[in-house]
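K.L.:
Handing you this structure, nothing more for now.
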Amino acid sequence: MSSACGCEDTRKAEVGEDGEIIEAADTPWWRDLGIMIPVFSGIAFLAGLIAQWNGADLPATVLFWIGLLLGASTFTPGAIRKLRTGKLSISLLMTISAIGAVILGYVEEAAVLAFLYSIAEALEDKAMDRAHDGLRALLKLVPETATIRQGGESLEIAAKDLSVGQTLLVRPGERIATDGVITAGRSSLDTSAITGESIPVEVVPGDSVSAGAINANGVLEVETTAAGTDNSLTTIVELVERAQADKGDRARLADTIARPLVPGVLVLSILVALIGSLLGDPEVWITRALVVLVAASPCALAISVPLTVVSAVGAASRFGVIIKSGAAFERFGVIRHIAVDKTGTLTQNKPTVSEVLTVDGVAREQALSWAAALEQHSTHPLAAAIVAASPETPSAQHVTERPGHGIEGVVDGLSIAVGSPRWLEQATPASSLNSQISALEEQGMTVVIVHRNGSVVAAIGVRDELRPEVPEVVSTLADQGIGLTMLTGDNARTATALAQQAGIDDVRAELRPEGKAVVIGDLRSAGAVAMIGDGINDAPALATADLGVAMGATGSDAAIESADVAFTGHDLRLLPRAFAHARRGRHIMNQNIVLSLLIIASLLPLALFGVLNLAAVVLVHEVAEVIVILNGLRAARTRNVAA
């Protein structure tokens with residue numbers, strides 16, 4: 001497919017089969033055969049008209065033939081190739097129509113048909129490439145070279161040659177060449193091109209950074225966690241291009257309509273020609289059969305939905321929302337209820353240890369070190385807070401994590417278990433800490449219990465504050481007619497306290513992963529439901545929901561794999577914006593489908609009764625295609641629109 005381009009030479013980036021980033025210069029439009037062949041076809045046709053008006057019939061006929069052959073060369077070979085594999089395409093209808101017109105002596109009409117269809121196809125190609133351009137531009141965020149520290153020296157290498165475990169040196173103003181973790185230095189990063197967040201992000205040693213982020217100030221040393229050709233940006237591009245290949249329900253509807261329509265139109269045209277010839281002038285009815293053939297061609301229908309999906313999914317990626325499939329994009333547009341995980345999604349994902357309660361004989365530091373020994377192996381957001389608060393983190397053996405419950409293992413020869421009070425209290429007697437645990441939960445803390453050899457020895461109170469934008473997001477979603485339910489494995493008191501701050505009325509607490517999936521199933525009985533989460537314990541619910549949304553910047557691999565949509569940033573204000581974008585795209589798809597079907601329904605009787613000739617029908621079809629293309633491209637607009 002040719003790419004859209006203007007009068008200047010731009011560049012596009014792609015990923016090769018081996019993952020290597022490939023950049024190639026776009027061909028100027030005047031050297032692009034995909035554009036120039038239809039243009040020359042049109043020039044030849046217009047020149048033929050001028051010659052005909054001046055009485056030069058032979059030159060006019062030659063020019064019409066040139067225009068016809070040039071235009072047909074852009075779609076007839078493809079139609080023949082598909083026919084050999086048993087596929088009947090719209091291009092085949094155009095080819096048959098042009099051949100029939102020539103046989104009947106209508107070379108001029110055949111030339112205009114070939115020209116208009118070829119120019120419409122070229123416009124579609126340009127439009128599809130324009131929709132891809134924003135996505136490909138993400139790869140341009142990766143610099144061509146990177147500086148690494150090796151053997152005490154600084155070496156400049158190609159970014160594509162970076163491998164995991166190298167130390168990357170990033171100076172002020174430079175882009176980070178691949179994903180990694182900061183090992184030295186402090187700075188602020190501009191991630192607006194990746195996540196859509198306009199406010200720079202402060203980073204310190206231990207923070208993860210993504211490819212394409214700009215280092216605003218200070219020198220950073222980053223240990224790479226991804227290869228130069230397999231990082232978060234290349235993953236985003238892969239996911240979105242996979243989405244563009246995976247058609248949604250409306251794309252399938254268009255295909256469903258077009259598939260029987262092509263052979264149906266051929267049969268109808270043959271019947272019109274045969275029956276009409278028996279009842280009247282064969283030449284008149286064969287001509288009408290050709291016009292009917294063109295009138296019923298679903299040209300606009302075939303391109304209307306795929307173009308809109310490509311435009312909309314590519315646009316969403318530019319403001320930090322990665323939609324994995326066209327089908328997911330369409331489901332996005334019908335969601336009326338959201339179930340959202342609390343920890344790490346509604347909260348800031350920066351929990352801190354606020355209180356540590358212990359039984360007699362156990363020191364605060366000892367309890368924290370036991371817990372940290374296990375939690376260093378966990379992906380749960382609370383685990384990082386406990387590890388950070390511990391004065392030391394001993395090693396642990398035989399560690400087993402039970403999502404939604406906790407984690408257990410052996411530390412210094414002791415059997416240690418760390419997790420939810422609901423999980424651990426089932427296997428142990430009541431503790432002297434119970435009343436104090438309740439008090440911590442009433443203060444809005446999440447409590448983690450530490451067991452040693454089957455007995456409660458400590459309770460750790462962790463607080464994770466609500467994200468500041470959550471009340472605004474909840475209010476905006478309510479204005480859009482979208483309901484919200486909070487799901488959490490936390491206790492009801494803590495969950496209710498946070499829900500009240502957020503403005504959420506429906507709270508489902510003390511849920512295990514399978515319990516979250518059950519709640520999603522119940523909510524689905526009332527309509528399409530989206531689930532938003534970021535942890536491994538959210539994976540079943542994400543997979544159960546009509547639409548799974550993962551907080552991709554910090555989420556677990558299991559959550560991202562189970563989801564249909566991933567956020568590259570942290571700001572939940574992307575959510576109502578994404579809903580508005582999806583609804584708008586769905587409306588555009590509906591408009592294109594209705595317009596396409598109305599064109600066919602209107603042209604068929606007009607063609608059958610001879611009201612419109614071949615040239616007029618072709619002109620109406622191609623004008624409709626241009627309208628559908630321009631309408632579909634509106635889905636590429638990324639401004640925040642109301643639902």
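Convention: chains lettered A, B, ... in structure tokens order; per-chain residue numbering from 1; ligands numbered from 1 as shown.
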So that I can see what lies close to stretch 385-401 of chain A, please list as number ranges by chain the residues with an atom at most 10 Å from it, counting only C-alpha atoms and leaving out residues fewer than 4 positions away in the same chain.
P.N.:
A: 349-354, 364-381, 405-419, 448, 460-464
K.L.:
Which residues come within 9 Å of A:Val565, counting only C-alpha atoms, excluding same-chain residues fewer than 4 positions away, as a PyMOL selection string?
P.N.:
chain A and resi 321-325+328-329+547-552+560
K.L.:
Export, as a PDB file, in the first residue's frame, the selected residues with C-alpha atoms.
P.N.:
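Listing of part_37.pdb after writing:
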```
ATOM      1  CA  VAL A 321      -4.498   4.100  24.844  1.00  0.00           C
ATOM      2  CA  ILE A 322      -3.434   0.884  23.106  1.00  0.00           C
ATOM      3  CA  ILE A 323      -6.387  -1.062  21.684  1.00  0.00           C
ATOM      4  CA  LYS A 324      -5.398  -4.613  20.759  1.00  0.00           C
ATOM      5  CA  SER A 325      -8.084  -5.368  18.177  1.00  0.00           C
ATOM      6  CA  ALA A 328     -12.162  -4.499  21.091  1.00  0.00           C
ATOM      7  CA  PHE A 329     -12.449  -0.963  19.733  1.00  0.00           C
ATOM      8  CA  LEU A 547     -13.611  -5.370  27.557  1.00  0.00           C
ATOM      9  CA  GLY A 548     -10.495  -5.742  29.690  1.00  0.00           C
ATOM     10  CA  VAL A 549      -8.427  -2.619  30.311  1.00  0.00           C
ATOM     11  CA  ALA A 550      -4.940  -2.980  31.827  1.00  0.00           C
ATOM     12  CA  MET A 551      -2.952  -0.184  33.393  1.00  0.00           C
ATOM     13  CA  GLY A 552      -0.081  -1.096  31.099  1.00  0.00           C
ATOM     14  CA  ILE A 560      -1.752  -7.034  30.019  1.00  0.00           C
TER      15      ILE A 560
END
```
K.L.:
Take atom CA of A:Asp179 and atom CA of A:Val201 and report the distance between them in Å, one decimal.
P.N.:
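Answer for the atom CA of A:Asp179 to atom CA of A:Val201 separation: 15.4 Å.
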K.L.:
Taking into account only C-alpha atoms, which residue in the set A:Asn491, A:Thr485, A:Ser304, A:Gln480 is nearest to A:Gln591?
P.N.:
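Once distances to A:Gln591 are computed over only C-alpha atoms, the minimum belongs to A:Ser304.
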K.L.:
So that I can see what lies close to A:Leu608, please list as a PyMOL selection string the residues with an atom at most 7 Å from it, counting only C-alpha atoms and leaving out residues fewer than 2 positions away in the same chain.
P.N.:
chain A and resi 288+292+604-606+610
K.L.:
Let's see if you can do this: from backbone DSSP, list all alpha helix (DSSP H) residues in stretch 66-183 of chain A, as JSON, numbers by chain.
P.N.:
{"A": [66, 67, 68, 69, 70, 71, 72, 76, 77, 78, 79, 80, 81, 82, 83, 84, 90, 91, 92, 93, 94, 95, 96, 97, 98, 99, 100, 101, 102, 103, 107, 108, 109, 110, 111, 112, 113, 114, 115, 116, 117, 118, 119, 120, 121, 122, 123, 124, 125, 126, 127, 128, 129, 130, 131, 132, 133, 134, 135, 136, 137, 138, 139]}
K.L.:
Within 8 Å of A:Asn217, counting only C-alpha atoms, which residues qualify if same-chain residues fewer than 4 places away don't, as a ChimeraX atom specification?
P.N.:
/A:171-173,187-188
K.L.:
Can you pull out the residues contacting stretch 104-120 of chain A? Cut-off 7 Å, using only C-alpha atoms, and skip same-chain residues under 5 positions away; I want them as number ranges by chain.
P.N.:
A: 38, 41-42, 45, 64-65, 67-68, 71-72, 74-75, 98, 614-615, 618, 622, 625-626
K.L.:
Quote the spacing between atom CA of A:Leu233 and atom CA of A:Ala211 in Å to one decimal place.
P.N.:
6.4 Å
K.L.:
For A:Arg336, list every protein, DNA or RNA residue within 9 Å, evaluated using only C-alpha atoms, and leave out those in the same chain fewer than 6 positions away; present the list as a list in words.
P.N.:
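The neighbour list is Gln480, Gly481, Ile482, Gly483, Leu484, Gly527, Ala528, Val529 and Ala530 of chain A.
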K.L.:
Export N, CA and C atoms of the chosen residues as an mmCIF file, in the first residue's frame?
P.N.:
```
data_model
loop_
_atom_site.group_PDB
_atom_site.id
_atom_site.type_symbol
_atom_site.label_atom_id
_atom_site.label_comp_id
_atom_site.auth_asym_id
_atom_site.auth_seq_id
_atom_site.Cartn_x
_atom_site.Cartn_y
_atom_site.Cartn_z
ATOM 1 N N GLN A 480 -21.289 10.719 31.245
ATOM 2 C CA GLN A 480 -21.355 9.971 29.989
ATOM 3 C C GLN A 480 -22.333 8.807 30.061
ATOM 4 N N GLY A 481 -22.971 8.627 31.231
ATOM 5 C CA GLY A 481 -23.932 7.541 31.388
ATOM 6 C C GLY A 481 -23.289 6.202 31.690
ATOM 7 N N ILE A 482 -22.082 6.229 32.242
ATOM 8 C CA ILE A 482 -21.350 4.996 32.545
ATOM 9 C C ILE A 482 -21.297 4.787 34.048
ATOM 10 N N GLY A 483 -21.798 3.640 34.515
ATOM 11 C CA GLY A 483 -21.769 3.305 35.929
ATOM 12 C C GLY A 483 -20.427 2.732 36.344
ATOM 13 N N LEU A 484 -20.156 2.715 37.669
ATOM 14 C CA LEU A 484 -18.856 2.284 38.159
ATOM 15 C C LEU A 484 -19.021 1.393 39.389
ATOM 16 N N GLY A 527 -25.770 -5.660 30.845
ATOM 17 C CA GLY A 527 -25.201 -4.947 29.703
ATOM 18 C C GLY A 527 -23.707 -5.149 29.617
ATOM 19 N N ALA A 528 -23.087 -4.566 28.593
ATOM 20 C CA ALA A 528 -21.646 -4.721 28.370
ATOM 21 C C ALA A 528 -20.851 -4.074 29.502
ATOM 22 N N VAL A 529 -19.834 -4.795 29.988
ATOM 23 C CA VAL A 529 -19.051 -4.347 31.137
ATOM 24 C C VAL A 529 -17.564 -4.354 30.785
ATOM 25 N N ALA A 530 -16.872 -3.307 31.218
ATOM 26 C CA ALA A 530 -15.415 -3.251 31.091
ATOM 27 C C ALA A 530 -14.800 -3.448 32.465
#
```
